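Student: Quick one, coords-v9.pdb (PDB, C-alpha atoms, pLDDT in the B column):
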MODEL        1
ATOM      1  CA  MET I   1       0.000   0.000   0.000  1.00 59.00           C
ATOM      2  CA  ASN I   2       2.833   2.413   0.791  1.00 79.00           C
ATOM      3  CA  ASP I   3       4.362   1.749  -2.631  1.00 86.00           C
ATOM      4  CA  ILE I   4       1.097   2.783  -4.265  1.00 85.00           C
ATOM      5  CA  ARG I   5       0.898   5.954  -2.180  1.00 89.00           C
ATOM      6  CA  ASP I   6       4.506   6.854  -2.928  1.00 90.00           C
ATOM      7  CA  GLU I   7       3.971   6.343  -6.632  1.00 90.00           C
ATOM      8  CA  PHE I   8       0.744   8.387  -6.500  1.00 91.00           C
ATOM      9  CA  TRP I   9       2.457  11.347  -4.832  1.00 92.00           C
ATOM     10  CA  LYS I  10       5.344  11.149  -7.307  1.00 92.00           C
ATOM     11  CA  GLN I  11       2.800  11.452 -10.107  1.00 92.00           C
ATOM     12  CA  VAL I  12       0.882  14.298  -8.405  1.00 93.00           C
ATOM     13  CA  GLU I  13       3.881  16.394  -7.411  1.00 94.00           C
ATOM     14  CA  PRO I  14       4.762  17.869 -10.836  1.00 93.00           C
ATOM     15  CA  GLU I  15       1.094  18.630 -11.582  1.00 91.00           C
ATOM     16  CA  HIS I  16       0.121  19.787  -8.087  1.00 93.00           C
ATOM     17  CA  LEU I  17       0.132  23.561  -8.613  1.00 94.00           C
ATOM     18  CA  LYS I  18      -1.646  23.413 -11.971  1.00 93.00           C
ATOM     19  CA  ALA I  19      -4.308  21.010 -10.722  1.00 94.00           C
ATOM     20  CA  ARG I  20      -4.928  23.094  -7.600  1.00 95.00           C
ATOM     21  CA  ALA I  21      -5.200  26.278  -9.701  1.00 93.00           C
ATOM     22  CA  PHE I  22      -7.623  24.471 -12.021  1.00 93.00           C
ATOM     23  CA  CYS I  23      -9.806  23.517  -9.042  1.00 94.00           C
ATOM     24  CA  ARG I  24      -9.764  27.088  -7.780  1.00 92.00           C
ATOM     25  CA  LYS I  25     -10.843  28.414 -11.176  1.00 90.00           C
ATOM     26  CA  LEU I  26     -13.617  25.847 -11.441  1.00 89.00           C
ATOM     27  CA  ALA I  27     -14.922  26.541  -7.957  1.00 87.00           C
ATOM     28  CA  GLY I  28     -14.655  30.296  -8.336  1.00 84.00           C
ATOM     29  CA  ASN I  29     -12.692  30.977  -5.179  1.00 86.00           C
ATOM     30  CA  ARG I  30      -9.673  29.793  -3.252  1.00 92.00           C
ATOM     31  CA  ASP I  31     -11.342  28.024  -0.320  1.00 92.00           C
ATOM     32  CA  ASP I  32     -13.891  26.069  -2.332  1.00 90.00           C
ATOM     33  CA  GLY I  33     -11.212  25.248  -4.891  1.00 92.00           C
ATOM     34  CA  ASP I  34      -8.894  23.895  -2.224  1.00 94.00           C
ATOM     35  CA  ASP I  35     -11.734  21.787  -0.813  1.00 94.00           C
ATOM     36  CA  LEU I  36     -12.476  20.462  -4.285  1.00 93.00           C
ATOM     37  CA  TYR I  37      -8.801  19.659  -4.846  1.00 95.00           C
ATOM     38  CA  GLN I  38      -8.536  17.804  -1.549  1.00 94.00           C
ATOM     39  CA  ASP I  39     -11.644  15.742  -2.316  1.00 93.00           C
ATOM     40  CA  CYS I  40     -10.249  14.918  -5.745  1.00 94.00           C
ATOM     41  CA  LEU I  41      -6.904  13.829  -4.346  1.00 95.00           C
ATOM     42  CA  ILE I  42      -8.614  11.528  -1.874  1.00 93.00           C
ATOM     43  CA  ARG I  43     -10.737  10.001  -4.620  1.00 94.00           C
ATOM     44  CA  ALA I  44      -7.763   9.688  -6.968  1.00 93.00           C
ATOM     45  CA  LEU I  45      -5.586   8.052  -4.318  1.00 92.00           C
ATOM     46  CA  SER I  46      -8.280   5.501  -3.525  1.00 91.00           C
ATOM     47  CA  ARG I  47      -8.535   4.560  -7.220  1.00 91.00           C
ATOM     48  CA  PHE I  48      -4.894   4.911  -8.237  1.00 91.00           C
ATOM     49  CA  GLU I  49      -4.115   1.207  -8.036  1.00 88.00           C
ATOM     50  CA  HIS I  50      -6.597   0.625 -10.881  1.00 86.00           C
ATOM     51  CA  VAL I  51      -4.799   2.975 -13.287  1.00 84.00           C
ATOM     52  CA  ARG I  52      -3.301   0.823 -16.010  1.00 81.00           C
ATOM     53  CA  ASP I  53      -1.180   3.348 -17.859  1.00 82.00           C
ATOM     54  CA  LYS I  54       0.732   5.593 -15.467  1.00 78.00           C
ATOM     55  CA  ALA I  55       1.794   7.773 -18.417  1.00 80.00           C
ATOM     56  CA  SER I  56      -1.798   8.982 -18.788  1.00 86.00           C
ATOM     57  CA  PHE I  57      -2.004  10.062 -15.150  1.00 90.00           C
ATOM     58  CA  ASN I  58      -2.656  13.771 -15.844  1.00 90.00           C
ATOM     59  CA  PRO I  59      -5.743  13.300 -18.041  1.00 91.00           C
ATOM     60  CA  TRP I  60      -7.030  10.725 -15.558  1.00 92.00           C
ATOM     61  CA  LEU I  61      -6.579  13.168 -12.650  1.00 93.00           C
ATOM     62  CA  TYR I  62      -8.299  16.000 -14.521  1.00 93.00           C
ATOM     63  CA  ARG I  63     -11.227  13.719 -15.413  1.00 92.00           C
ATOM     64  CA  ILE I  64     -11.636  13.012 -11.700  1.00 93.00           C
ATOM     65  CA  ILE I  65     -11.523  16.741 -10.925  1.00 94.00           C
ATOM     66  CA  ILE I  66     -14.157  17.506 -13.554  1.00 92.00           C
ATOM     67  CA  ASN I  67     -16.425  14.677 -12.396  1.00 91.00           C
ATOM     68  CA  VAL I  68     -16.184  15.660  -8.726  1.00 92.00           C
ATOM     69  CA  PHE I  69     -16.899  19.273  -9.670  1.00 91.00           C
ATOM     70  CA  LYS I  70     -19.916  18.278 -11.782  1.00 88.00           C
ATOM     71  CA  ASN I  71     -21.270  16.145  -8.941  1.00 86.00           C
ATOM     72  CA  ARG I  72     -20.906  19.029  -6.506  1.00 84.00           C
ATOM     73  CA  VAL I  73     -22.635  21.496  -8.786  1.00 79.00           C
ATOM     74  CA  GLN I  74     -25.489  19.117  -9.570  1.00 73.00           C
ATOM     75  CA  SER I  75     -26.177  18.116  -5.971  1.00 64.00           C
ATOM     76  CA  PRO I  76     -29.275  19.660  -4.382  1.00 60.00           C
ATOM     77  CA  TRP I  77     -27.285  21.308  -1.595  1.00 52.00           C
ATOM     78  CA  TRP I  78     -25.014  23.089  -4.052  1.00 45.00           C
ATOM     79  CA  LYS I  79     -27.946  24.257  -6.167  1.00 47.00           C
ATOM     80  CA  ARG I  80     -29.550  25.819  -3.108  1.00 43.00           C
ATOM     81  CA  MET I  81     -26.303  27.623  -2.294  1.00 47.00           C
ATOM     82  CA  LEU I  82     -26.037  28.983  -5.837  1.00 43.00           C
ATOM     83  CA  PHE I  83     -29.651  30.140  -5.717  1.00 39.00           C
ATOM     84  CA  PHE I  84     -29.156  32.057  -2.487  1.00 37.00           C
ATOM     85  CA  SER I  85     -25.925  33.622  -3.649  1.00 38.00           C
ATOM     86  CA  ASP I  86     -27.464  34.851  -6.926  1.00 38.00           C
ATOM     87  CA  GLY I  87     -28.958  37.846  -5.129  1.00 37.00           C
ATOM     88  CA  GLN I  88     -25.502  39.005  -4.095  1.00 37.00           C
ATOM     89  CA  ILE I  89     -23.887  39.046  -7.524  1.00 38.00           C
ATOM     90  CA  GLU I  90     -23.371  42.774  -7.835  1.00 41.00           C
ATOM     91  CA  PRO I  91     -20.093  44.085  -6.426  1.00 41.00           C
ATOM     92  CA  PRO I  92     -20.208  46.415  -3.427  1.00 41.00           C
ATOM     93  CA  ALA I  93     -21.201  49.982  -4.271  1.00 42.00           C
ATOM     94  CA  ARG I  94     -17.988  51.405  -2.768  1.00 46.00           C
ATOM     95  CA  GLY I  95     -16.113  53.069  -5.651  1.00 46.00           C
ATOM     96  CA  ASN I  96     -15.331  51.788  -9.120  1.00 48.00           C
ATOM     97  CA  PRO I  97     -13.915  48.311  -9.382  1.00 48.00           C
ATOM     98  CA  SER I  98     -10.658  47.907 -11.243  1.00 65.00           C
ATOM     99  CA  ALA I  99     -10.600  46.514 -14.761  1.00 68.00           C
ATOM    100  CA  ALA I 100      -9.550  43.081 -13.498  1.00 68.00           C
ATOM    101  CA  GLN I 101     -12.414  42.989 -10.996  1.00 74.00           C
ATOM    102  CA  ALA I 102     -14.872  44.076 -13.666  1.00 75.00           C
ATOM    103  CA  ALA I 103     -13.604  41.367 -16.017  1.00 74.00           C
ATOM    104  CA  ARG I 104     -13.853  38.762 -13.259  1.00 76.00           C
ATOM    105  CA  HIS I 105     -17.377  39.931 -12.465  1.00 77.00           C
ATOM    106  CA  ARG I 106     -18.438  39.618 -16.116  1.00 79.00           C
ATOM    107  CA  LEU I 107     -16.795  36.227 -16.288  1.00 81.00           C
ATOM    108  CA  ASP I 108     -18.843  35.015 -13.319  1.00 82.00           C
ATOM    109  CA  PHE I 109     -21.987  35.786 -15.294  1.00 82.00           C
ATOM    110  CA  GLY I 110     -20.594  33.980 -18.287  1.00 87.00           C
ATOM    111  CA  PHE I 111     -19.639  30.911 -16.263  1.00 88.00           C
ATOM    112  CA  LYS I 112     -23.111  30.697 -14.737  1.00 87.00           C
ATOM    113  CA  ALA I 113     -24.567  30.355 -18.244  1.00 89.00           C
ATOM    114  CA  ILE I 114     -22.652  27.185 -19.106  1.00 91.00           C
ATOM    115  CA  SER I 115     -22.543  23.658 -17.770  1.00 90.00           C
ATOM    116  CA  PRO I 116     -19.829  22.502 -15.349  1.00 89.00           C
ATOM    117  CA  THR I 117     -18.276  20.424 -18.137  1.00 89.00           C
ATOM    118  CA  ASP I 118     -18.119  23.395 -20.487  1.00 92.00           C
ATOM    119  CA  ARG I 119     -16.664  25.525 -17.707  1.00 91.00           C
ATOM    120  CA  ALA I 120     -13.942  22.935 -17.199  1.00 91.00           C
ATOM    121  CA  LEU I 121     -13.175  22.920 -20.926  1.00 92.00           C
ATOM    122  CA  ILE I 122     -12.953  26.721 -21.050  1.00 91.00           C
ATOM    123  CA  VAL I 123     -10.668  26.850 -18.010  1.00 89.00           C
ATOM    124  CA  LEU I 124      -8.401  24.103 -19.342  1.00 90.00           C
ATOM    125  CA  PHE I 125      -8.132  25.646 -22.809  1.00 91.00           C
ATOM    126  CA  GLU I 126      -8.064  29.373 -22.038  1.00 87.00           C
ATOM    127  CA  LEU I 127      -6.399  29.562 -18.643  1.00 82.00           C
ATOM    128  CA  HIS I 128      -4.221  26.472 -18.460  1.00 85.00           C
ATOM    129  CA  GLY I 129      -3.223  26.371 -22.102  1.00 87.00           C
ATOM    130  CA  TRP I 130      -4.198  22.787 -22.843  1.00 89.00           C
ATOM    131  CA  SER I 131      -4.342  22.022 -26.539  1.00 92.00           C
ATOM    132  CA  ILE I 132      -7.474  20.800 -28.285  1.00 94.00           C
ATOM    133  CA  ALA I 133      -5.751  17.427 -28.762  1.00 93.00           C
ATOM    134  CA  GLU I 134      -4.983  17.111 -25.031  1.00 91.00           C
ATOM    135  CA  ILE I 135      -8.552  17.978 -24.075  1.00 92.00           C
ATOM    136  CA  ALA I 136      -9.905  15.542 -26.668  1.00 91.00           C
ATOM    137  CA  ALA I 137      -7.699  12.762 -25.313  1.00 89.00           C
ATOM    138  CA  MET I 138      -8.771  13.501 -21.739  1.00 88.00           C
ATOM    139  CA  THR I 139     -12.492  13.627 -22.507  1.00 87.00           C
ATOM    140  CA  GLY I 140     -12.523  10.811 -25.038  1.00 87.00           C
ATOM    141  CA  ARG I 141     -14.092  13.055 -27.690  1.00 91.00           C
ATOM    142  CA  SER I 142     -12.851  13.993 -31.126  1.00 94.00           C
ATOM    143  CA  GLU I 143     -10.958  17.243 -31.600  1.00 94.00           C
ATOM    144  CA  GLY I 144     -13.834  18.558 -33.701  1.00 95.00           C
ATOM    145  CA  ALA I 145     -16.304  17.861 -30.909  1.00 94.00           C
ATOM    146  CA  VAL I 146     -14.098  19.699 -28.410  1.00 94.00           C
ATOM    147  CA  LYS I 147     -13.836  22.699 -30.744  1.00 95.00           C
ATOM    148  CA  VAL I 148     -17.609  22.776 -31.149  1.00 95.00           C
ATOM    149  CA  ARG I 149     -18.178  22.598 -27.380  1.00 94.00           C
ATOM    150  CA  LEU I 150     -15.678  25.381 -26.760  1.00 94.00           C
ATOM    151  CA  SER I 151     -17.264  27.533 -29.441  1.00 94.00           C
ATOM    152  CA  ARG I 152     -20.784  26.992 -28.142  1.00 94.00           C
ATOM    153  CA  ALA I 153     -19.676  27.636 -24.561  1.00 93.00           C
ATOM    154  CA  ARG I 154     -18.066  30.930 -25.607  1.00 92.00           C
ATOM    155  CA  ILE I 155     -21.251  31.955 -27.410  1.00 93.00           C
ATOM    156  CA  LYS I 156     -23.377  31.190 -24.341  1.00 92.00           C
ATOM    157  CA  MET I 157     -20.965  33.086 -22.129  1.00 91.00           C
ATOM    158  CA  ARG I 158     -20.899  36.058 -24.506  1.00 90.00           C
ATOM    159  CA  ARG I 159     -24.704  36.204 -24.602  1.00 90.00           C
ATOM    160  CA  ALA I 160     -24.944  36.010 -20.807  1.00 90.00           C
ATOM    161  CA  ILE I 161     -22.411  38.810 -20.423  1.00 88.00           C
ATOM    162  CA  GLU I 162     -24.137  40.972 -23.018  1.00 88.00           C
ATOM    163  CA  GLU I 163     -27.509  40.397 -21.341  1.00 87.00           C
ATOM    164  CA  HIS I 164     -26.036  41.346 -17.971  1.00 84.00           C
ATOM    165  CA  LEU I 165     -24.535  44.497 -19.470  1.00 85.00           C
ATOM    166  CA  ARG I 166     -27.909  45.402 -21.034  1.00 85.00           C
ATOM    167  CA  ARG I 167     -29.762  44.818 -17.762  1.00 84.00           C
ATOM    168  CA  THR I 168     -27.357  46.954 -15.796  1.00 79.00           C
ATOM    169  CA  GLY I 169     -27.106  49.683 -18.448  1.00 78.00           C
ATOM    170  CA  GLN I 170     -23.380  49.223 -18.919  1.00 72.00           C
ATOM    171  CA  THR I 171     -21.649  49.503 -22.254  1.00 62.00           C
ATOM    172  CA  ARG I 172     -19.703  46.848 -24.107  1.00 56.00           C
ATOM    173  CA  HIS I 173     -16.643  49.136 -24.246  1.00 52.00           C
ATOM    174  CA  GLU I 174     -14.045  46.339 -23.842  1.00 47.00           C
ATOM    175  CA  LEU I 175     -16.043  43.431 -25.190  1.00 46.00           C
ATOM    176  CA  VAL I 176     -16.295  44.070 -28.899  1.00 43.00           C
ATOM    177  CA  THR I 177     -14.505  41.202 -30.627  1.00 43.00           C
ATOM    178  CA  LYS I 178     -15.639  37.638 -31.139  1.00 40.00           C
ATOM    179  CA  ASP I 179     -12.927  36.544 -28.720  1.00 44.00           C
ATOM    180  CA  GLU I 180     -14.247  38.763 -25.960  1.00 46.00           C
ATOM    181  CA  ILE I 181     -14.488  35.894 -23.508  1.00 47.00           C
ATOM    182  CA  CYS I 182     -10.847  34.980 -24.088  1.00 49.00           C
ATOM    183  CA  VAL I 183      -9.814  38.577 -23.449  1.00 44.00           C
ATOM    184  CA  ALA I 184     -11.897  38.729 -20.274  1.00 47.00           C
ATOM    185  CA  VAL I 185     -10.547  35.380 -19.095  1.00 48.00           C
ATOM    186  CA  ARG I 186      -6.931  36.327 -19.662  1.00 46.00           C
ATOM    187  CA  SER I 187      -7.326  39.690 -17.922  1.00 45.00           C
ATOM    188  CA  ALA I 188      -8.903  38.015 -14.878  1.00 45.00           C
ATOM    189  CA  LYS I 189      -6.063  35.525 -14.293  1.00 45.00           C
ATOM    190  CA  ASP I 190      -4.709  35.320 -10.773  1.00 42.00           C
TER     191      ASP I 190
ENDMDL
END
What is this structure when it is put down as structure tokens?
Tutor:
Amino acid sequence: MNDIRDEFWKQVEPEHLKARAFCRKLAGNRDDGDDLYQDCLIRALSRFEHVRDKASFNPWLYRIIINVFKNRVQSPWWKRMLFFSDGQIEPPARGNPSAAQAARHRLDFGFKAISPTDRALIVLFELHGWSIAEIAAMTGRSEGAVKVRLSRARIKMRRAIEEHLRRTGQTRHELVTKDEICVAVRSAKD
């Protein structure tokens, strides 16, 4: 058993910071992201002995992260928490938020418009720099299918952001290109 644990931690160590950052981006904040990451590590450790190809550890770990995140989001408790927090979406009225805060705020609206799986794809591709081929291999889909999902997710996010801007009377001043989500994502990086 100790050999399995040692091998698991050797596999996790080089990917630790990226996987933790991915969890934080998925969850939307540091604390929830760290909780998600810890739950994923526990689940991955308990199933590590069943991994046949140790070379494909990273995609396997990220599939676990995405599945745990989807299960959390789809559970009734989590839905109730999202519902209650929806009333507190607007930033505090104290002064103008910086450009990064405004981009992050718009991004939150965009992320709420897409499924947990699509959110994971966007974060992996836009923030973590995974290639289409890597995402396709991890998800078991074709590269074309991944491109379509990313495109549709961006469109949904763009529409949600535009609708939010219309409702609040704000202008689209920074969000004018078709890649507006990518620009907002990159400007909101930690």
Student: Distance CA of Glu143 (chain I)-CA of Pro116 (chain I), one decimal place?
Tutor: 19.2 Å
Student: Go ahead and compute the interatomic distance for CA of Ile64 (chain I) and CA of Val12 (chain I), in Å to one decimal.
Tutor: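 We find that CA of Ile64 (chain I) and CA of Val12 (chain I) lie 13.0 Å from each other.
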Student: Tell me, as a list of chain:residue names, which residues lie within 8 Å of region 15-29 of chain I, counting only C-alpha atoms; anything in the same chain fewer than 3 positions away does not count.
Tutor: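 Listed by chain and then number, they are I:Gln11, I:Val12, I:Asp32, I:Gly33, I:Asp34, I:Leu36, I:Tyr37, I:Asn58, I:Tyr62, I:Ile65, I:Phe69, I:Arg119, I:Ala120, I:Val123, I:Leu124, I:His128.
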Student: Using CA of Ile122 (chain I) and CA of Ala153 (chain I) as the two end points, give the distance in Å to one decimal.
Tutor: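 Calculated distance between CA of Ile122 (chain I) and CA of Ala153 (chain I) is 7.6 Å.
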Student: Please determine, counting all atoms listed in the file, which residue among I:Ala102, I:Phe111, I:Glu134, I:Leu121 has the shortest atom-to-atom distance to Val148 (chain I).
Tutor: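 Using all atoms listed in the file, the shortest distance to Val148 (chain I) belongs to I:Leu121.
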Student: Suppose a student applies the PyMOL selection byres ((chain I and resi 137) around 12) to this structure; what residues should they get, written as a ChimeraX atom specification?
Tutor: /I:56-60,62-63,130-136,138-146
Student: Give me the result of the PyMOL selection byres ((chain I and resi 160) around 9) on this file, residue by residue, as a ChimeraX atom specification.
Tutor: /I:106,109-113,155-159,161-165
Student: Where's the centre, and what are the edge lengths in Å to one decimal, of a box along x, y and z enclosing all listed atoms of region 43-47 of chain I padded 5 Å per side, as lines of an AutoDock Vina configuration file?
Tutor:
center_x = -8.2
center_y = 7.3
center_z = -5.4
size_x = 15.2
size_y = 15.4
size_z = 13.7
Student: With distances taken over all atoms listed in the file, which of I:Arg149, I:Arg154, I:Lys10, I:Arg167 is nearest to Leu45 (chain I)?
Tutor: I:Lys10
Student: Using all atoms listed in the file, can you tell me which of I:His50, I:Lys70, I:Lys147, I:Arg104 comes closest to Thr117 (chain I)?
Tutor: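 For Thr117 (chain I), the nearest of the given residues is I:Lys70.
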Student: Would you mind writing region 134-145 of chain I with all heavy atoms, as a PDB file, in the coordinates of the input?
Tutor:
ATOM      1  N   GLU I 134      -5.081  17.585 -26.415  1.00 91.00           N
ATOM      2  CA  GLU I 134      -4.983  17.111 -25.031  1.00 91.00           C
ATOM      3  C   GLU I 134      -6.363  17.010 -24.391  1.00 91.00           C
ATOM      4  O   GLU I 134      -6.660  16.049 -23.682  1.00 91.00           O
ATOM      5  CB  GLU I 134      -4.103  18.056 -24.209  1.00 91.00           C
ATOM      6  CG  GLU I 134      -2.638  18.012 -24.561  1.00 91.00           C
ATOM      7  CD  GLU I 134      -1.832  19.096 -23.871  1.00 91.00           C
ATOM      8  OE1 GLU I 134      -2.347  20.229 -23.695  1.00 91.00           O
ATOM      9  OE2 GLU I 134      -0.683  18.813 -23.515  1.00 91.00           O
ATOM     10  N   ILE I 135      -7.203  18.001 -24.640  1.00 92.00           N
ATOM     11  CA  ILE I 135      -8.552  17.978 -24.075  1.00 92.00           C
ATOM     12  C   ILE I 135      -9.357  16.836 -24.691  1.00 92.00           C
ATOM     13  O   ILE I 135     -10.085  16.133 -23.991  1.00 92.00           O
ATOM     14  CB  ILE I 135      -9.256  19.337 -24.271  1.00 92.00           C
ATOM     15  CG1 ILE I 135      -8.535  20.418 -23.458  1.00 92.00           C
ATOM     16  CG2 ILE I 135     -10.725  19.253 -23.863  1.00 92.00           C
ATOM     17  CD1 ILE I 135      -9.027  21.826 -23.724  1.00 92.00           C
ATOM     18  N   ALA I 136      -9.199  16.635 -25.992  1.00 91.00           N
ATOM     19  CA  ALA I 136      -9.905  15.542 -26.668  1.00 91.00           C
ATOM     20  C   ALA I 136      -9.481  14.194 -26.098  1.00 91.00           C
ATOM     21  O   ALA I 136     -10.323  13.323 -25.854  1.00 91.00           O
ATOM     22  CB  ALA I 136      -9.646  15.596 -28.173  1.00 91.00           C
ATOM     23  N   ALA I 137      -8.185  14.020 -25.882  1.00 89.00           N
ATOM     24  CA  ALA I 137      -7.699  12.762 -25.313  1.00 89.00           C
ATOM     25  C   ALA I 137      -8.231  12.553 -23.899  1.00 89.00           C
ATOM     26  O   ALA I 137      -8.602  11.432 -23.527  1.00 89.00           O
ATOM     27  CB  ALA I 137      -6.170  12.749 -25.316  1.00 89.00           C
ATOM     28  N   MET I 138      -8.291  13.621 -23.107  1.00 88.00           N
ATOM     29  CA  MET I 138      -8.771  13.501 -21.739  1.00 88.00           C
ATOM     30  C   MET I 138     -10.257  13.164 -21.691  1.00 88.00           C
ATOM     31  O   MET I 138     -10.686  12.343 -20.899  1.00 88.00           O
ATOM     32  CB  MET I 138      -8.524  14.795 -20.961  1.00 88.00           C
ATOM     33  CG  MET I 138      -8.974  14.694 -19.515  1.00 88.00           C
ATOM     34  SD  MET I 138      -9.251  16.257 -18.695  1.00 88.00           S
ATOM     35  CE  MET I 138     -10.542  16.976 -19.611  1.00 88.00           C
ATOM     36  N   THR I 139     -11.039  13.810 -22.552  1.00 87.00           N
ATOM     37  CA  THR I 139     -12.492  13.627 -22.507  1.00 87.00           C
ATOM     38  C   THR I 139     -12.975  12.441 -23.319  1.00 87.00           C
ATOM     39  O   THR I 139     -14.129  12.027 -23.188  1.00 87.00           O
ATOM     40  CB  THR I 139     -13.220  14.886 -23.016  1.00 87.00           C
ATOM     41  OG1 THR I 139     -12.814  15.140 -24.355  1.00 87.00           O
ATOM     42  CG2 THR I 139     -12.935  16.086 -22.133  1.00 87.00           C
ATOM     43  N   GLY I 140     -12.112  11.924 -24.189  1.00 87.00           N
ATOM     44  CA  GLY I 140     -12.523  10.811 -25.038  1.00 87.00           C
ATOM     45  C   GLY I 140     -13.382  11.242 -26.212  1.00 87.00           C
ATOM     46  O   GLY I 140     -14.089  10.438 -26.810  1.00 87.00           O
ATOM     47  N   ARG I 141     -13.344  12.515 -26.554  1.00 91.00           N
ATOM     48  CA  ARG I 141     -14.092  13.055 -27.690  1.00 91.00           C
ATOM     49  C   ARG I 141     -13.139  13.378 -28.828  1.00 91.00           C
ATOM     50  O   ARG I 141     -11.934  13.500 -28.626  1.00 91.00           O
ATOM     51  CB  ARG I 141     -14.826  14.323 -27.274  1.00 91.00           C
ATOM     52  CG  ARG I 141     -15.922  14.082 -26.275  1.00 91.00           C
ATOM     53  CD  ARG I 141     -16.780  15.332 -26.133  1.00 91.00           C
ATOM     54  NE  ARG I 141     -18.003  15.042 -25.445  1.00 91.00           N
ATOM     55  CZ  ARG I 141     -18.218  15.336 -24.178  1.00 91.00           C
ATOM     56  NH1 ARG I 141     -17.283  15.915 -23.469  1.00 91.00           N
ATOM     57  NH2 ARG I 141     -19.368  15.036 -23.623  1.00 91.00           N
ATOM     58  N   SER I 142     -13.685  13.586 -29.993  1.00 94.00           N
ATOM     59  CA  SER I 142     -12.851  13.993 -31.126  1.00 94.00           C
ATOM     60  C   SER I 142     -12.450  15.458 -30.956  1.00 94.00           C
ATOM     61  O   SER I 142     -13.098  16.221 -30.221  1.00 94.00           O
ATOM     62  CB  SER I 142     -13.606  13.814 -32.433  1.00 94.00           C
ATOM     63  OG  SER I 142     -14.659  14.760 -32.526  1.00 94.00           O
ATOM     64  N   GLU I 143     -11.402  15.850 -31.664  1.00 94.00           N
ATOM     65  CA  GLU I 143     -10.958  17.243 -31.600  1.00 94.00           C
ATOM     66  C   GLU I 143     -12.036  18.174 -32.127  1.00 94.00           C
ATOM     67  O   GLU I 143     -12.238  19.271 -31.594  1.00 94.00           O
ATOM     68  CB  GLU I 143      -9.657  17.420 -32.382  1.00 94.00           C
ATOM     69  CG  GLU I 143      -8.472  16.761 -31.714  1.00 94.00           C
ATOM     70  CD  GLU I 143      -7.165  17.018 -32.440  1.00 94.00           C
ATOM     71  OE1 GLU I 143      -7.043  18.061 -33.134  1.00 94.00           O
ATOM     72  OE2 GLU I 143      -6.260  16.182 -32.312  1.00 94.00           O
ATOM     73  N   GLY I 144     -12.743  17.750 -33.160  1.00 95.00           N
ATOM     74  CA  GLY I 144     -13.834  18.558 -33.701  1.00 95.00           C
ATOM     75  C   GLY I 144     -14.939  18.778 -32.678  1.00 95.00           C
ATOM     76  O   GLY I 144     -15.476  19.884 -32.561  1.00 95.00           O
ATOM     77  N   ALA I 145     -15.263  17.741 -31.932  1.00 94.00           N
ATOM     78  CA  ALA I 145     -16.304  17.861 -30.909  1.00 94.00           C
ATOM     79  C   ALA I 145     -15.874  18.820 -29.804  1.00 94.00           C
ATOM     80  O   ALA I 145     -16.690  19.616 -29.307  1.00 94.00           O
ATOM     81  CB  ALA I 145     -16.632  16.492 -30.326  1.00 94.00           C
TER      82      ALA I 145
END
